[in-house]
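> Just passing along the structure, written as structure tokens.
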Amino acid sequence: MTAAKTSRRRRTAIKLRQRSLASRKAQHDTEERLQLALTATNGVGTWDWNIDQDLFVTDSRFAQMHGIEPQLSGQLPITAYLQGVHPDDRALLTRTIKDCVTRNGEYAQEYRLQNLDGKVRWIFARGRCFSGGPGSAQRFMGAALDITERKKTEQALLNLNETLEERVAQRTQALAEANAQLQREMQERERAEEALRHAQKMEAVGQLTGGIAHDFNNMLTGILGSLDLMKRYIAAGRITEVGRFTDAAVSSAQRAAALTHRLLSFSRRQSLDRRPLDPNQLVSSLQALFSSTKGANIDLHVELGEDVWAVNTDSGQLESALLNLIINARDAMPDGGELVVRTANTYLTDSQSSTLEPIKAGEYVMFEVSDNGAGMTPQILAKAFDPFFTTKPVGQGTGLGLSMIYGFAQQSGGHVSIISESGSGTRVRLHLPRYLEKTQA
Ligand SMILES: Nc1ncnc2c1ncn2[C@@H]1O[C@H](COP(=O)(O)OP(=O)(O)OP(=O)(O)O)[C@@H](O)[C@H]1O
Ligand SMILES: [Mg+2]
């Protein structure tokens with residue numbers, strides 16, 4: 001061998017050594033980078049299983065996860081690692097690994113690990129099986145990730161959803177119960193209202209039978225008594241003296257007829273015979289009747305408004321309404337007092353609250369009858385318009401006066417209101433709508 005050849009060989013050997021050193025360094029760097037990356041992820045462990053020799057090489061993270069000492073890496077069979085798997089998942093995991101090895105394919109599996117102290121952790125493993133080429137073994141390698149925290153969050157969400165449904169169901173149930181309770185209470189109230197209405201109806205019927213039956217009885221007694229006396233006088237041949245008893249019987253019968261007339265007019269609400277009339281003229285024409293009705297110790301003042309508008313109404317009904325008010329005032333002042341009858345033009349607004357019913361705003365003529373007599377307590381005032389309500393002794397009042405005035409006012413498109421205070425007196429106002437004559441063509 002020449003010296004030149006020898007030196008060439010030496011150079012080649014040096015180059016080869018240098019190249020091998022460089023490639024070993026590169027490999028070392030790569031591994032170091034990989035290890036650093038895996039450490040940085042802090043949950044990933046790797047394995048490399050030499051299937052032919054059944055030697056399981058792992059990094060320390062994978063070993064720790066599976067409860068194996070890291071130094072034993074590469075010295076134990078795979079079964080040692082499977083020991084750490086939760087008993088319920090072990091069979092499934094074994095099957096999946098076998099399948100992957102048989103297929104020489106991909107692997108992805110979730111499974112649980114159970115520590116010696118009983119704590120359970122969830123793992124997600126992903127890997128691949130590589131067929132060993134000629135001279136090299138079949139290998140199965142991959143990485144495992146601890147997904148316990150994610151699983152916990154998932155489970156918590158699941159629980160929340162489940163309890164949410166339960167909570168919604170509970171709330172729905174509570175609402176249904178509250179609703180049922182409300183329905184029961186409403187039914188109960190309806191029953192109570194119905195009972196109250198019935199009681200009020202019976203009270204009104206009672207007042208009717210009580211008041212009217214007494215009045216009729218008095219009138220019948222007058223008629224029967226007179227007839228009886230007439231019979232006796234005729235039997236005794238004193239026919240000339242019978243005249244006064246017939247008069248008494250006729251007067252009683254007429255009072256009875258008048259009462260039935262009032263009852264009928266109240267119940268049927270007879271139609272009004274309307275005509276335009278001058279309120280002041282009507283009141284003036286009644287002044288004499290008012291004076292004779294009021295009684296001696298009561299002072300009567302009539303105050304007629306200026307240019308009072310016309311009204312279109314039934315004069316007979318209006319007269320009897322005013323007369324009723326005069327009689328009421330008189331009865332409220334047994335020891336005398338002052339009685340004032342007024343007429344005036346007024347404008348009513350719909351916010352006026354002294355009447356029971358809503359008011360149509362507009363121009364009205366007011367007829368006012370006021371006294372400074374006994375007045376009414378709030379309880380009496382509340383019932384004053386009720387038909388058959390009276391505080392007067394049996395036979396002296398039917399309790400129909402104010403109720404008829406109320407009906408009349410309603411039918412005329414007007415209103416009636418009472419202001420009264422016990423001990424001070426009463427003021428009754430009857431408002432009838434202004435009559436506007438249609439302009440002639
Ligand atoms: N001016 C008044 N002062 C005090 N109380 C009154 C007055 N007007 C009416 N009342 C009370 O209102 C009740 C009802 O009056 P209403 O005119 O309807 O019937 P009445 O006067 O009792 O009987 P009737 O009018 O049939 O003779 C009266 O019984 C009385 O208690
Ligand atoms: Mg009366």
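Chain labels follow the order of the structure tokens: the first chain is A, the next B, and so on; residue numbering restarts at 1 in every chain, and ligands are counted from 1 in their shown order.
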For chain A against ligand 2, with a cut-off of 12 Å and counting only C-alpha atoms and all ligand atoms, what is the closest atom pair and its distance in Å to one decimal for every residue that makes the cut, ordered by chain and number, as JSON lines?

```
{"residue": "A:Ser320", "atom": "CA", "partner": "ligand 2", "partner_atom_place_in_ligand_line": "1 (Mg)", "distance": 10.6}
{"residue": "A:Ala321", "atom": "CA", "partner": "ligand 2", "partner_atom_place_in_ligand_line": "1 (Mg)", "distance": 9.3}
{"residue": "A:Leu322", "atom": "CA", "partner": "ligand 2", "partner_atom_place_in_ligand_line": "1 (Mg)", "distance": 10.3}
{"residue": "A:Leu323", "atom": "CA", "partner": "ligand 2", "partner_atom_place_in_ligand_line": "1 (Mg)", "distance": 9.0}
{"residue": "A:Asn324", "atom": "CA", "partner": "ligand 2", "partner_atom_place_in_ligand_line": "1 (Mg)", "distance": 5.3}
{"residue": "A:Leu325", "atom": "CA", "partner": "ligand 2", "partner_atom_place_in_ligand_line": "1 (Mg)", "distance": 6.5}
{"residue": "A:Ile326", "atom": "CA", "partner": "ligand 2", "partner_atom_place_in_ligand_line": "1 (Mg)", "distance": 8.5}
{"residue": "A:Ile327", "atom": "CA", "partner": "ligand 2", "partner_atom_place_in_ligand_line": "1 (Mg)", "distance": 6.3}
{"residue": "A:Asn328", "atom": "CA", "partner": "ligand 2", "partner_atom_place_in_ligand_line": "1 (Mg)", "distance": 4.8}
{"residue": "A:Ala329", "atom": "CA", "partner": "ligand 2", "partner_atom_place_in_ligand_line": "1 (Mg)", "distance": 8.5}
{"residue": "A:Arg330", "atom": "CA", "partner": "ligand 2", "partner_atom_place_in_ligand_line": "1 (Mg)", "distance": 9.8}
{"residue": "A:Asp331", "atom": "CA", "partner": "ligand 2", "partner_atom_place_in_ligand_line": "1 (Mg)", "distance": 8.5}
{"residue": "A:Ala332", "atom": "CA", "partner": "ligand 2", "partner_atom_place_in_ligand_line": "1 (Mg)", "distance": 10.1}
{"residue": "A:Ala384", "atom": "CA", "partner": "ligand 2", "partner_atom_place_in_ligand_line": "1 (Mg)", "distance": 9.4}
{"residue": "A:Phe385", "atom": "CA", "partner": "ligand 2", "partner_atom_place_in_ligand_line": "1 (Mg)", "distance": 10.0}
{"residue": "A:Asp386", "atom": "CA", "partner": "ligand 2", "partner_atom_place_in_ligand_line": "1 (Mg)", "distance": 11.5}
{"residue": "A:Pro387", "atom": "CA", "partner": "ligand 2", "partner_atom_place_in_ligand_line": "1 (Mg)", "distance": 10.7}
{"residue": "A:Phe388", "atom": "CA", "partner": "ligand 2", "partner_atom_place_in_ligand_line": "1 (Mg)", "distance": 10.1}
{"residue": "A:Phe389", "atom": "CA", "partner": "ligand 2", "partner_atom_place_in_ligand_line": "1 (Mg)", "distance": 9.7}
{"residue": "A:Thr390", "atom": "CA", "partner": "ligand 2", "partner_atom_place_in_ligand_line": "1 (Mg)", "distance": 8.0}
{"residue": "A:Thr391", "atom": "CA", "partner": "ligand 2", "partner_atom_place_in_ligand_line": "1 (Mg)", "distance": 9.9}
{"residue": "A:Lys392", "atom": "CA", "partner": "ligand 2", "partner_atom_place_in_ligand_line": "1 (Mg)", "distance": 9.1}
{"residue": "A:Gln396", "atom": "CA", "partner": "ligand 2", "partner_atom_place_in_ligand_line": "1 (Mg)", "distance": 9.3}
{"residue": "A:Gly397", "atom": "CA", "partner": "ligand 2", "partner_atom_place_in_ligand_line": "1 (Mg)", "distance": 6.6}
{"residue": "A:Thr398", "atom": "CA", "partner": "ligand 2", "partner_atom_place_in_ligand_line": "1 (Mg)", "distance": 7.6}
{"residue": "A:Gly399", "atom": "CA", "partner": "ligand 2", "partner_atom_place_in_ligand_line": "1 (Mg)", "distance": 6.3}
{"residue": "A:Leu400", "atom": "CA", "partner": "ligand 2", "partner_atom_place_in_ligand_line": "1 (Mg)", "distance": 6.8}
{"residue": "A:Gly401", "atom": "CA", "partner": "ligand 2", "partner_atom_place_in_ligand_line": "1 (Mg)", "distance": 4.2}
{"residue": "A:Leu402", "atom": "CA", "partner": "ligand 2", "partner_atom_place_in_ligand_line": "1 (Mg)", "distance": 6.0}
{"residue": "A:Ser403", "atom": "CA", "partner": "ligand 2", "partner_atom_place_in_ligand_line": "1 (Mg)", "distance": 9.0}
{"residue": "A:Met404", "atom": "CA", "partner": "ligand 2", "partner_atom_place_in_ligand_line": "1 (Mg)", "distance": 9.5}
{"residue": "A:Ile405", "atom": "CA", "partner": "ligand 2", "partner_atom_place_in_ligand_line": "1 (Mg)", "distance": 9.6}
{"residue": "A:Tyr406", "atom": "CA", "partner": "ligand 2", "partner_atom_place_in_ligand_line": "1 (Mg)", "distance": 11.9}
{"residue": "A:Val428", "atom": "CA", "partner": "ligand 2", "partner_atom_place_in_ligand_line": "1 (Mg)", "distance": 11.9}
```
> Using N, CA, C and O atoms, can you export the residues from the last selection as a tab-separated table (two decimals), in the first residue's frame?

```tsv
chain	number	residue	atom	x	y	z
A	320	SER	N	-144.24	65.06	40.01
A	320	SER	CA	-144.32	64.11	41.13
A	320	SER	C	-142.93	63.89	41.75
A	320	SER	O	-142.82	63.67	42.96
A	321	ALA	N	-141.88	63.99	40.94
A	321	ALA	CA	-140.53	63.88	41.50
A	321	ALA	C	-140.26	65.03	42.47
A	321	ALA	O	-139.79	64.81	43.60
A	322	LEU	N	-140.60	66.25	42.04
A	322	LEU	CA	-140.36	67.41	42.91
A	322	LEU	C	-141.21	67.33	44.17
A	322	LEU	O	-140.72	67.62	45.28
A	323	LEU	N	-142.45	66.90	44.01
A	323	LEU	CA	-143.33	66.78	45.17
A	323	LEU	C	-142.78	65.75	46.16
A	323	LEU	O	-142.80	65.97	47.38
A	324	ASN	N	-142.28	64.64	45.63
A	324	ASN	CA	-141.66	63.61	46.48
A	324	ASN	C	-140.50	64.19	47.29
A	324	ASN	O	-140.34	63.87	48.46
A	325	LEU	N	-139.71	65.05	46.62
A	325	LEU	CA	-138.56	65.64	47.31
A	325	LEU	C	-139.03	66.61	48.40
A	325	LEU	O	-138.43	66.68	49.48
A	326	ILE	N	-140.10	67.36	48.11
A	326	ILE	CA	-140.65	68.28	49.11
A	326	ILE	C	-141.14	67.49	50.33
A	326	ILE	O	-140.86	67.86	51.47
A	327	ILE	N	-141.82	66.37	50.06
A	327	ILE	CA	-142.35	65.55	51.17
A	327	ILE	C	-141.20	64.97	52.00
A	327	ILE	O	-141.23	64.97	53.23
A	328	ASN	N	-140.17	64.49	51.30
A	328	ASN	CA	-139.00	63.96	52.02
A	328	ASN	C	-138.39	65.02	52.92
A	328	ASN	O	-138.02	64.76	54.07
A	329	ALA	N	-138.25	66.25	52.38
A	329	ALA	CA	-137.66	67.35	53.14
A	329	ALA	C	-138.55	67.68	54.35
A	329	ALA	O	-138.05	67.88	55.46
A	330	ARG	N	-139.83	67.71	54.09
A	330	ARG	CA	-140.77	68.00	55.18
A	330	ARG	C	-140.62	66.96	56.29
A	330	ARG	O	-140.49	67.29	57.47
A	331	ASP	N	-140.59	65.67	55.88
A	331	ASP	CA	-140.49	64.59	56.88
A	331	ASP	C	-139.19	64.66	57.67
A	331	ASP	O	-139.10	64.14	58.78
A	332	ALA	N	-138.16	65.26	57.05
A	332	ALA	CA	-136.86	65.35	57.73
A	332	ALA	C	-136.82	66.53	58.71
A	332	ALA	O	-135.86	66.68	59.45
A	384	ALA	N	-130.50	54.95	50.08
A	384	ALA	CA	-131.66	55.83	49.86
A	384	ALA	C	-132.35	55.58	48.52
A	384	ALA	O	-133.58	55.65	48.45
A	385	PHE	N	-131.56	55.26	47.47
A	385	PHE	CA	-132.18	55.06	46.15
A	385	PHE	C	-132.75	53.64	45.98
A	385	PHE	O	-133.38	53.37	44.97
A	386	ASP	N	-132.48	52.75	46.91
A	386	ASP	CA	-132.96	51.37	46.77
A	386	ASP	C	-134.49	51.35	46.81
A	386	ASP	O	-135.10	51.98	47.68
A	387	PRO	N	-135.10	50.61	45.89
A	387	PRO	CA	-136.55	50.51	45.96
A	387	PRO	C	-136.98	49.86	47.28
A	387	PRO	O	-136.31	48.92	47.75
A	388	PHE	N	-138.01	50.36	47.88
A	388	PHE	CA	-138.60	49.85	49.13
A	388	PHE	C	-137.73	50.13	50.34
A	388	PHE	O	-138.01	49.64	51.42
A	389	PHE	N	-136.67	50.92	50.17
A	389	PHE	CA	-135.91	51.27	51.36
A	389	PHE	C	-136.53	52.51	52.00
A	389	PHE	O	-136.61	53.56	51.38
A	390	THR	N	-136.93	52.37	53.24
A	390	THR	CA	-137.50	53.50	53.96
A	390	THR	C	-137.14	53.41	55.43
A	390	THR	O	-136.93	52.32	55.96
A	391	THR	N	-137.03	54.56	56.07
A	391	THR	CA	-136.79	54.55	57.52
A	391	THR	C	-138.07	55.02	58.23
A	391	THR	O	-138.07	55.22	59.43
A	392	LYS	N	-139.09	55.21	57.41
A	392	LYS	CA	-140.33	55.73	57.98
A	392	LYS	C	-141.19	54.60	58.54
A	392	LYS	O	-141.09	53.46	58.08
A	396	GLN	N	-146.30	54.82	56.46
A	396	GLN	CA	-146.00	56.23	56.14
A	396	GLN	C	-145.05	56.39	54.95
A	396	GLN	O	-144.95	57.46	54.38
A	397	GLY	N	-144.35	55.35	54.63
A	397	GLY	CA	-143.45	55.47	53.47
A	397	GLY	C	-143.34	54.13	52.76
A	397	GLY	O	-143.29	53.08	53.41
A	398	THR	N	-143.33	54.17	51.43
A	398	THR	CA	-143.18	52.90	50.68
A	398	THR	C	-141.71	52.68	50.33
A	398	THR	O	-141.32	51.59	49.93
A	399	GLY	N	-140.91	53.73	50.41
A	399	GLY	CA	-139.50	53.59	50.03
A	399	GLY	C	-139.34	53.59	48.52
A	399	GLY	O	-138.30	53.17	48.00
A	400	LEU	N	-140.37	54.05	47.80
A	400	LEU	CA	-140.28	54.08	46.34
A	400	LEU	C	-139.99	55.47	45.78
A	400	LEU	O	-139.68	55.61	44.61
A	401	GLY	N	-140.12	56.52	46.64
A	401	GLY	CA	-139.97	57.90	46.16
A	401	GLY	C	-138.66	58.14	45.43
A	401	GLY	O	-138.66	58.48	44.23
A	402	LEU	N	-137.55	57.97	46.11
A	402	LEU	CA	-136.25	58.26	45.49
A	402	LEU	C	-135.91	57.28	44.37
A	402	LEU	O	-135.28	57.67	43.39
A	403	SER	N	-136.33	56.03	44.52
A	403	SER	CA	-136.01	55.07	43.46
A	403	SER	C	-136.74	55.45	42.17
A	403	SER	O	-136.20	55.27	41.07
A	404	MET	N	-137.97	55.98	42.31
A	404	MET	CA	-138.69	56.42	41.11
A	404	MET	C	-138.00	57.65	40.49
A	404	MET	O	-137.90	57.76	39.27
A	405	ILE	N	-137.54	58.56	41.34
A	405	ILE	CA	-136.85	59.75	40.83
A	405	ILE	C	-135.58	59.33	40.08
A	405	ILE	O	-135.26	59.85	39.01
A	406	TYR	N	-134.88	58.33	40.65
A	406	TYR	CA	-133.67	57.83	40.02
A	406	TYR	C	-133.99	57.27	38.62
A	406	TYR	O	-133.33	57.58	37.63
A	428	VAL	N	-130.77	67.60	47.44
A	428	VAL	CA	-130.96	66.65	46.33
A	428	VAL	C	-130.95	67.44	45.03
A	428	VAL	O	-131.64	68.46	44.92
```
> Which residues, written as a PyMOL selection string, have at least one atom at most 6 Å from Val369 of chain A, with only C-alpha atoms counted and residues fewer than 3 positions away on the same chain left out?
chain A and resi 340-341+427-428
> Go ahead and save the residues from that selection, with N, CA and C atoms, as a compact mmCIF listing (two decimals), in the first residue's frame.

```txt
# COMPACT_ATOMS: atom_id res chain seq x y z
N VAL A 340 -135.56 74.93 50.53
CA VAL A 340 -135.26 75.78 49.37
C VAL A 340 -135.39 74.96 48.08
N VAL A 341 -136.12 75.54 47.11
CA VAL A 341 -136.22 74.91 45.79
C VAL A 341 -135.53 75.85 44.81
N ARG A 427 -129.38 67.84 50.48
CA ARG A 427 -129.49 68.61 49.24
C ARG A 427 -129.61 67.60 48.11
N VAL A 428 -130.77 67.60 47.44
CA VAL A 428 -130.96 66.65 46.33
C VAL A 428 -130.95 67.44 45.03
```
> Could you give me, as a ChimeraX atom specification, each residue of segment 80-283 of chain A that DSSP assigns to alpha helix (DSSP H) when run on this structure's backbone?
/A:80-82,87-103,148-235,243-268,279-283
> Near segment 342-346 of chain A, counting only C-alpha atoms, which residues have an atom at most 6 Å away, once you skip same-chain residues fewer than 4 positions from it, shown as a ChimeraX atom specification?
/A:302-305,308,363-368
> Mind writing the picked residues with all heavy atoms as a compact mmCIF listing (two decimals), in the first residue's frame?

```txt
# COMPACT_ATOMS: atom_id res chain seq x y z
N VAL A 302 -138.29 79.79 47.06
CA VAL A 302 -138.11 79.31 45.68
C VAL A 302 -137.16 80.26 44.99
O VAL A 302 -137.40 81.47 44.95
CB VAL A 302 -139.46 79.23 44.95
CG1 VAL A 302 -139.25 78.87 43.48
CG2 VAL A 302 -140.37 78.19 45.60
N GLU A 303 -136.05 79.77 44.51
CA GLU A 303 -135.05 80.62 43.83
C GLU A 303 -134.92 80.16 42.38
O GLU A 303 -134.29 79.14 42.12
CB GLU A 303 -133.69 80.50 44.55
CG GLU A 303 -133.72 80.99 45.97
CD GLU A 303 -132.43 80.69 46.73
OE1 GLU A 303 -131.44 80.23 46.10
OE2 GLU A 303 -132.43 80.88 47.96
N LEU A 304 -135.52 80.94 41.50
CA LEU A 304 -135.49 80.55 40.08
C LEU A 304 -134.29 81.19 39.39
O LEU A 304 -134.05 82.39 39.54
CB LEU A 304 -136.79 81.00 39.40
CG LEU A 304 -138.07 80.39 39.98
CD1 LEU A 304 -139.29 80.98 39.29
CD2 LEU A 304 -138.07 78.87 39.86
N GLY A 305 -133.53 80.39 38.68
CA GLY A 305 -132.36 80.92 37.98
C GLY A 305 -132.78 81.81 36.81
O GLY A 305 -133.92 81.73 36.35
N VAL A 308 -133.31 80.28 32.51
CA VAL A 308 -133.07 78.83 32.59
C VAL A 308 -133.51 78.16 31.29
O VAL A 308 -134.56 78.48 30.73
CB VAL A 308 -133.81 78.25 33.83
CG1 VAL A 308 -133.78 76.73 33.80
CG2 VAL A 308 -133.16 78.75 35.11
N GLU A 363 -124.57 70.28 28.92
CA GLU A 363 -125.40 71.30 29.58
C GLU A 363 -126.65 70.67 30.17
O GLU A 363 -127.34 69.88 29.51
CB GLU A 363 -125.78 72.37 28.57
CG GLU A 363 -124.59 73.19 28.11
CD GLU A 363 -124.91 74.14 26.98
OE1 GLU A 363 -125.77 73.78 26.13
OE2 GLU A 363 -124.32 75.23 26.95
N TYR A 364 -126.94 71.04 31.41
CA TYR A 364 -128.09 70.47 32.11
C TYR A 364 -128.82 71.59 32.86
O TYR A 364 -128.22 72.61 33.22
CB TYR A 364 -127.64 69.45 33.15
CG TYR A 364 -127.08 68.17 32.56
CD1 TYR A 364 -125.76 68.11 32.15
CD2 TYR A 364 -127.87 67.03 32.43
CE1 TYR A 364 -125.23 66.95 31.61
CE2 TYR A 364 -127.36 65.86 31.89
CZ TYR A 364 -126.03 65.82 31.48
OH TYR A 364 -125.53 64.68 30.94
N VAL A 365 -130.11 71.33 33.10
CA VAL A 365 -130.85 72.22 34.00
C VAL A 365 -130.91 71.51 35.35
O VAL A 365 -131.21 70.32 35.40
CB VAL A 365 -132.27 72.50 33.47
CG1 VAL A 365 -133.09 73.26 34.52
CG2 VAL A 365 -132.20 73.28 32.18
N MET A 366 -130.58 72.26 36.41
CA MET A 366 -130.59 71.64 37.74
C MET A 366 -131.84 72.06 38.52
O MET A 366 -132.17 73.24 38.59
CB MET A 366 -129.34 72.07 38.50
CG MET A 366 -129.29 71.50 39.90
SD MET A 366 -127.90 72.16 40.81
CE MET A 366 -128.49 73.78 41.18
N PHE A 367 -132.51 71.06 39.10
CA PHE A 367 -133.59 71.30 40.06
C PHE A 367 -133.04 70.85 41.40
O PHE A 367 -132.69 69.68 41.55
CB PHE A 367 -134.84 70.48 39.72
CG PHE A 367 -135.41 70.76 38.36
CD1 PHE A 367 -134.91 70.14 37.22
CD2 PHE A 367 -136.47 71.65 38.21
CE1 PHE A 367 -135.44 70.40 35.97
CE2 PHE A 367 -137.01 71.91 36.96
CZ PHE A 367 -136.49 71.30 35.83
N GLU A 368 -132.96 71.79 42.35
CA GLU A 368 -132.38 71.41 43.63
C GLU A 368 -133.40 71.62 44.75
O GLU A 368 -134.04 72.68 44.82
CB GLU A 368 -131.15 72.27 43.89
CG GLU A 368 -130.43 71.89 45.18
CD GLU A 368 -129.30 72.87 45.48
OE1 GLU A 368 -129.59 73.90 46.10
OE2 GLU A 368 -128.16 72.60 45.08
```
> When you count only C-alpha atoms and all ligand atoms, which of these residues is closest to ligand 1: A:Gln410, A:Ser292, A:Asn372, A:Gln155?
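Comparing A:Gln410, A:Ser292, A:Asn372, A:Gln155 against ligand 1, the winner is A:Asn372.
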> So how many Å separate atom CA of Ala3 of chain A and atom CA of Ser20 of chain A, to one decimal?
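Calculated distance between atom CA of Ala3 of chain A and atom CA of Ser20 of chain A is 25.9 Å.
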> DSSP says strand (DSSP E) for which residues of segment 262-401 of chain A? Put them as JSON, numbers by chain?
{"A": [275, 276, 277, 298, 299, 300, 301, 302, 303, 311, 312, 313, 337, 338, 339, 340, 341, 342, 343, 344, 345, 346, 347, 348, 362, 363, 364, 365, 366, 367, 368, 369, 370, 371]}
> Out of A:Gly45, A:Gly414, A:Pro378, A:Gly373, which residue has the shortest atom-to-atom distance to ligand 1 when counting only C-alpha atoms and all ligand atoms?
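Nearest candidate to ligand 1 out of A:Gly45, A:Gly414, A:Pro378, A:Gly373: A:Gly373.
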> Give the answer as one residue: which of A:Leu263, A:Val57, A:Ala22, A:Leu76 has the shortest atom-to-atom distance to ligand 1, using only C-alpha atoms and all ligand atoms?
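Closest residue, counting only C-alpha atoms and all ligand atoms: A:Leu263.
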> Grab the atom CA of Phe140 of chain A to atom CA of Gly127 of chain A distance for me, in Å with one decimal place.
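Between atom CA of Phe140 of chain A and atom CA of Gly127 of chain A the gap works out to 7.2 Å.
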> Could you name the residues that touch Ala248 of chain A at 10 Å or less, counting only C-alpha atoms, but leaving out those on the same chain fewer than 2 positions away, as a ChimeraX atom specification?
/A:222-223,225-227,243-246,250-254
> Quick one, how far is atom CA of Trp122 of chain A from atom CA of Ile97 of chain A?
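Computing the Euclidean distance for atom CA of Trp122 of chain A and atom CA of Ile97 of chain A yields 17.3 Å.
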> Could you tell me which of A:Gly237, A:Gly105, A:Gly423, A:Gly74 comes closest to ligand 1 if we count only C-alpha atoms and all ligand atoms?
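So, comparing all the options, the nearest one is A:Gly423.
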> Between A:Ile212, A:Gly425, A:Ala409, A:Gln187, single out the one closest to Leu272 of chain A, counting only C-alpha atoms.
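For Leu272 of chain A, the nearest of the candidates is A:Ala409.
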> Identify which of the residues A:Asp48, A:Gln18, A:His198, A:Ser420 lies closest to Ser370 of chain A, counting only C-alpha atoms when measuring atom-to-atom distances.
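Selected residue with least distance to Ser370 of chain A: A:Ser420.
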> Residues at most 12 Å from Thr41 of chain A, counting only C-alpha atoms, excluding those fewer than 3 positions away in the same chain, as a PyMOL selection string?
chain A and resi 34-38+44-46+61+143-146
> Just want the 7 Å neighbourhood of Met141 of chain A, counted on only C-alpha atoms, with same-chain residues fewer than 2 positions away dropped. Output as number ranges by chain.
A: 47-49, 127-129, 139
